[in-house]
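Student: I'd like to ask you about the structure that follows.
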Amino acid sequence: MVKIEQDILGKNDQYAAANRQRFAEQAIFTLNLVSSPGSGKTTVLTRTLQDLNGEIPLAVIEGDQQTSRDAERIRATGAPAIQINTGKGCHLDAHMVGHAVASLAPETGSVLFIENVGNLVCPAAFDLGEAHKVAILSVTEGEDKPIKYPDMFHAANLLLLNKIDLLPYLQFDVERCIDFARRVNPQIEVLQISASSGEGMQQWYQWIRSAREQCHA
Ligand SMILES: Nc1nc2c(ncn2[C@@H]2O[C@H](COP(=O)(O)OP(=O)(O)O)[C@@H](O)[C@H]2O)c(=O)[nH]1
Ligand SMILES: [Mg+2]
């Protein structure tokens with residue numbers, strides 16, 4: 001079991017390194033969005049694509065077990081998008097992403113968003129060649145998810161706490177959630193956002209701009 005896991009992850013890391021090299025050569029800044037299903041990845045993305053349109057070239061790789069519904073939602077914003085269906089698979093791997101990048105061919109200097117399969121477990125283990133994993137947790141999921149699924153929050157550099165417009169209707173302790181996230185990852189940055197109302201989204205765009213600059217430097 002351990003041997004198989006080492007082989008699979010070792011192979012994945014080789015593909016991830018090739019993706020990372022391609023991203024560096026073409027100055028493509030790649031973010032891997034990870035979360036449970038329904039936390040708002042696609043909604044965050046569609047709003048981000050609309051708001052950053054014209055400022056930075058943008059492209060999206062969508063991962064789901066079945067259907068092209070999310071890629072269609074993304075394309076409706078005018079951004080190029082490609083859907084990967086993983087079938088029984090619970091995560092994207094670097095080999096799939098390499099193929100998707102080859103057909104999507106993002107413009108030089110793009111920000112490439114990868115929406116991973118909704119799952120708080122498996123995507124944590126797979127490097128896709130991204131600059132950062134961004135975890136999205138919505139306030140309807142409960143504040144204890146970072147300590148229940150520590151690998152995901154440990155692997156992420158940024159936590160977007162989404163759906164804060166719903167806080168008045170829930171018993172969700174924001175400070176406690178952030179404290180749990182920092183217990184598994186003391187360095188994690190946290191931004192509170194609502195993809196529906198737009199609250200906090202400017203800080204997210206600012207984070208993208210400065211992380212992109214740092215990556216290219
Ligand atoms: N109230 C509220 N609903 C949201 C927000 N972001 C997403 N949603 C809703 O959450 C549901 C799942 O969103 P979706 O973007 O498909 O999540 P994904 O599965 O992570 O891609 C949809 O009904 C969205 O309208 C938010 O900030 N506030
Ligand atoms: Mg989605």
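Naming works like this for the structure tokens: A, B, ... for the chains as they're shown, residue 1 at the start of each chain, ligands 1 onward in shown order.
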What's the 12 Å shell around Gly87 in chain A, counting only C-alpha atoms, without same-chain residues fewer than 2 positions away, as a ChimeraX atom specification?
Tutor: /A:63-67,84-85,89-92,117
Student: Take the residues from that selection and write them out as a PDB file, in the first residue's frame, keeping N, CA and C atoms.
Tutor:
ATOM      1  N   GLY A  63     -12.354  20.928 -12.976  1.00  0.00           N
ATOM      2  CA  GLY A  63     -12.355  19.501 -12.669  1.00  0.00           C
ATOM      3  C   GLY A  63     -13.647  19.094 -11.978  1.00  0.00           C
ATOM      4  N   ASP A  64     -14.296  18.074 -12.510  1.00  0.00           N
ATOM      5  CA  ASP A  64     -15.475  17.477 -11.871  1.00  0.00           C
ATOM      6  C   ASP A  64     -15.519  16.028 -12.284  1.00  0.00           C
ATOM      7  N   GLN A  65     -16.226  15.199 -11.519  1.00  0.00           N
ATOM      8  CA  GLN A  65     -16.352  13.797 -11.925  1.00  0.00           C
ATOM      9  C   GLN A  65     -17.129  13.691 -13.240  1.00  0.00           C
ATOM     10  N   GLN A  66     -18.224  14.421 -13.343  1.00  0.00           N
ATOM     11  CA  GLN A  66     -19.085  14.355 -14.532  1.00  0.00           C
ATOM     12  C   GLN A  66     -19.565  15.754 -14.896  1.00  0.00           C
ATOM     13  N   THR A  67     -19.984  15.911 -16.122  1.00  0.00           N
ATOM     14  CA  THR A  67     -20.617  17.105 -16.721  1.00  0.00           C
ATOM     15  C   THR A  67     -19.628  18.240 -17.021  1.00  0.00           C
ATOM     16  N   ILE A  84     -12.199  18.991 -17.337  1.00  0.00           N
ATOM     17  CA  ILE A  84     -11.672  17.630 -17.190  1.00  0.00           C
ATOM     18  C   ILE A  84     -12.689  16.847 -16.375  1.00  0.00           C
ATOM     19  N   ASN A  85     -13.152  15.713 -16.897  1.00  0.00           N
ATOM     20  CA  ASN A  85     -14.015  14.822 -16.104  1.00  0.00           C
ATOM     21  C   ASN A  85     -13.170  13.675 -15.581  1.00  0.00           C
ATOM     22  N   GLY A  89     -12.609   9.220 -10.405  1.00  0.00           N
ATOM     23  CA  GLY A  89     -11.505   9.850  -9.672  1.00  0.00           C
ATOM     24  C   GLY A  89     -11.973  10.988  -8.772  1.00  0.00           C
ATOM     25  N   CYS A  90     -11.287  11.161  -7.644  1.00  0.00           N
ATOM     26  CA  CYS A  90     -11.736  12.132  -6.645  1.00  0.00           C
ATOM     27  C   CYS A  90     -10.871  13.393  -6.636  1.00  0.00           C
ATOM     28  N   HIS A  91      -9.973  13.556  -7.619  1.00  0.00           N
ATOM     29  CA  HIS A  91      -9.060  14.698  -7.637  1.00  0.00           C
ATOM     30  C   HIS A  91      -8.465  14.830  -9.029  1.00  0.00           C
ATOM     31  N   LEU A  92      -7.914  15.983  -9.330  1.00  0.00           N
ATOM     32  CA  LEU A  92      -7.130  16.157 -10.556  1.00  0.00           C
ATOM     33  C   LEU A  92      -5.700  15.725 -10.270  1.00  0.00           C
ATOM     34  N   VAL A 117     -11.643  19.031  -8.162  1.00  0.00           N
ATOM     35  CA  VAL A 117     -12.851  18.279  -7.815  1.00  0.00           C
ATOM     36  C   VAL A 117     -13.214  18.608  -6.356  1.00  0.00           C
TER      37      VAL A 117
END
Student: Could you pull out the residues sitting within 8 Å of ligand 2, using only C-alpha atoms and all ligand atoms, and write them as a PyMOL selection string?
Tutor: chain A and resi 37-38+40-43+62+64+70+115+117-118
Student: Can you pull out the residues contacting Val60 in chain A? Cut-off 10 Å, using only C-alpha atoms, and skip same-chain residues under 3 positions away; I want them as a ChimeraX atom specification.
Tutor: /A:30-31,45,49,63,71,74-75,79-83,100-101,104,106,111-115
Student: Closest to Ile136 in chain A among A:Val121, A:Ala76, A:Leu52, A:Val44, using only C-alpha atoms?
Tutor: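 Answer, going by the shortest atom-to-atom distance: A:Val44.
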Student: Using only C-alpha atoms and all ligand atoms, which of A:Leu166, A:Val2, A:Val174, A:Met96 sits nearest ligand 1?
Tutor: A:Leu166
Student: Using only C-alpha atoms and all ligand atoms, pick whichever of A:Ser35, A:Thr77, A:Gln50, A:Gln187 has the shortest atom-to-atom distance to ligand 1.
Tutor: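 Under the stated criterion, the closest residue is A:Ser35.
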Student: Would you mind telling me which residue in A:Arg209, A:Arg69, A:Arg176, A:Lys3 lies nearest to ligand 1 when using only C-alpha atoms and all ligand atoms?
Tutor: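 Going through A:Arg209, A:Arg69, A:Arg176, A:Lys3 one by one, the smallest distance to ligand 1 is for A:Arg69.
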Student: Enumerate, as number ranges by chain, the complete set of residues in range 27-177 of chain A that a backbone-based DSSP assignment places in strand (DSSP E or B).
Tutor: A: 29-34, 58-64, 81-85, 111-115, 132-138, 158-162
Student: Could you turn the residues from that selection into a file that holds N, CA and C atoms, as a short mmCIF file (atom, residue, chain, number, x, y, z; two decimals), in the first residue's frame?
Tutor:
data_model
loop_
_atom_site.label_atom_id
_atom_site.label_comp_id
_atom_site.auth_asym_id
_atom_site.auth_seq_id
_atom_site.Cartn_x
_atom_site.Cartn_y
_atom_site.Cartn_z
N PHE A 29 0.74 32.29 -14.01
CA PHE A 29 0.60 32.20 -12.56
C PHE A 29 -0.62 31.33 -12.27
N THR A 30 -0.38 30.17 -11.64
CA THR A 30 -1.43 29.16 -11.52
C THR A 30 -1.88 28.97 -10.08
N LEU A 31 -3.19 29.02 -9.88
CA LEU A 31 -3.78 28.80 -8.56
C LEU A 31 -4.69 27.57 -8.61
N ASN A 32 -4.54 26.69 -7.63
CA ASN A 32 -5.30 25.45 -7.54
C ASN A 32 -6.36 25.63 -6.45
N LEU A 33 -7.63 25.78 -6.86
CA LEU A 33 -8.71 26.04 -5.91
C LEU A 33 -9.29 24.73 -5.38
N VAL A 34 -9.22 24.56 -4.08
CA VAL A 34 -9.65 23.30 -3.47
C VAL A 34 -10.69 23.57 -2.39
N LEU A 58 -6.80 35.71 -18.48
CA LEU A 58 -7.26 34.71 -17.52
C LEU A 58 -7.66 33.43 -18.26
N ALA A 59 -7.48 32.29 -17.63
CA ALA A 59 -7.92 31.02 -18.20
C ALA A 59 -8.26 30.06 -17.06
N VAL A 60 -9.11 29.08 -17.36
CA VAL A 60 -9.61 28.20 -16.29
C VAL A 60 -9.60 26.74 -16.74
N ILE A 61 -9.13 25.88 -15.83
CA ILE A 61 -9.30 24.43 -15.99
C ILE A 61 -10.29 23.98 -14.92
N GLU A 62 -11.35 23.30 -15.36
CA GLU A 62 -12.40 22.86 -14.45
C GLU A 62 -12.30 21.36 -14.22
N GLY A 63 -12.35 20.93 -12.98
CA GLY A 63 -12.36 19.50 -12.67
C GLY A 63 -13.65 19.09 -11.98
N ASP A 64 -14.30 18.07 -12.51
CA ASP A 64 -15.47 17.48 -11.87
C ASP A 64 -15.52 16.03 -12.28
N ALA A 81 -12.08 28.25 -21.09
CA ALA A 81 -12.13 27.22 -20.04
C ALA A 81 -12.17 25.85 -20.68
N ILE A 82 -11.59 24.88 -19.98
CA ILE A 82 -11.61 23.50 -20.44
C ILE A 82 -12.04 22.63 -19.26
N GLN A 83 -12.89 21.65 -19.54
CA GLN A 83 -13.38 20.77 -18.48
C GLN A 83 -12.63 19.45 -18.50
N ILE A 84 -12.20 18.99 -17.34
CA ILE A 84 -11.67 17.63 -17.19
C ILE A 84 -12.69 16.85 -16.38
N ASN A 85 -13.15 15.71 -16.90
CA ASN A 85 -14.01 14.82 -16.10
C ASN A 85 -13.17 13.67 -15.58
N VAL A 111 -3.15 34.51 -15.65
CA VAL A 111 -3.46 33.81 -14.41
C VAL A 111 -4.32 32.61 -14.81
N LEU A 112 -3.87 31.42 -14.43
CA LEU A 112 -4.61 30.19 -14.72
C LEU A 112 -5.20 29.66 -13.42
N PHE A 113 -6.54 29.60 -13.39
CA PHE A 113 -7.22 29.03 -12.22
C PHE A 113 -7.56 27.58 -12.52
N ILE A 114 -7.26 26.70 -11.56
CA ILE A 114 -7.68 25.30 -11.67
C ILE A 114 -8.72 25.05 -10.59
N GLU A 115 -9.95 24.76 -10.99
CA GLU A 115 -10.96 24.38 -9.99
C GLU A 115 -10.90 22.88 -9.82
N HIS A 132 0.24 28.17 -5.90
CA HIS A 132 -0.38 28.05 -4.57
C HIS A 132 -1.67 27.24 -4.65
N LYS A 133 -1.95 26.54 -3.57
CA LYS A 133 -3.31 26.02 -3.37
C LYS A 133 -4.09 27.08 -2.59
N VAL A 134 -5.32 27.31 -3.02
CA VAL A 134 -6.20 28.24 -2.31
C VAL A 134 -7.39 27.41 -1.82
N ALA A 135 -7.56 27.32 -0.50
CA ALA A 135 -8.69 26.57 0.05
C ALA A 135 -9.87 27.51 0.24
N ILE A 136 -11.04 27.05 -0.17
CA ILE A 136 -12.26 27.83 0.06
C ILE A 136 -13.11 27.05 1.05
N LEU A 137 -13.50 27.74 2.11
CA LEU A 137 -14.39 27.12 3.11
C LEU A 137 -15.55 28.07 3.28
N SER A 138 -16.77 27.55 3.18
CA SER A 138 -17.92 28.45 3.36
C SER A 138 -18.44 28.31 4.78
N LEU A 158 -3.54 30.14 1.19
CA LEU A 158 -4.59 31.13 1.44
C LEU A 158 -5.89 30.40 1.72
N LEU A 159 -6.63 30.90 2.70
CA LEU A 159 -7.98 30.41 2.98
C LEU A 159 -8.97 31.52 2.65
N LEU A 160 -9.88 31.24 1.72
CA LEU A 160 -10.97 32.18 1.47
C LEU A 160 -12.17 31.67 2.25
N LEU A 161 -12.58 32.45 3.23
CA LEU A 161 -13.76 32.10 4.01
C LEU A 161 -14.97 32.74 3.33
N ASN A 162 -15.75 31.90 2.63
CA ASN A 162 -16.79 32.42 1.72
C ASN A 162 -18.18 32.38 2.37
#
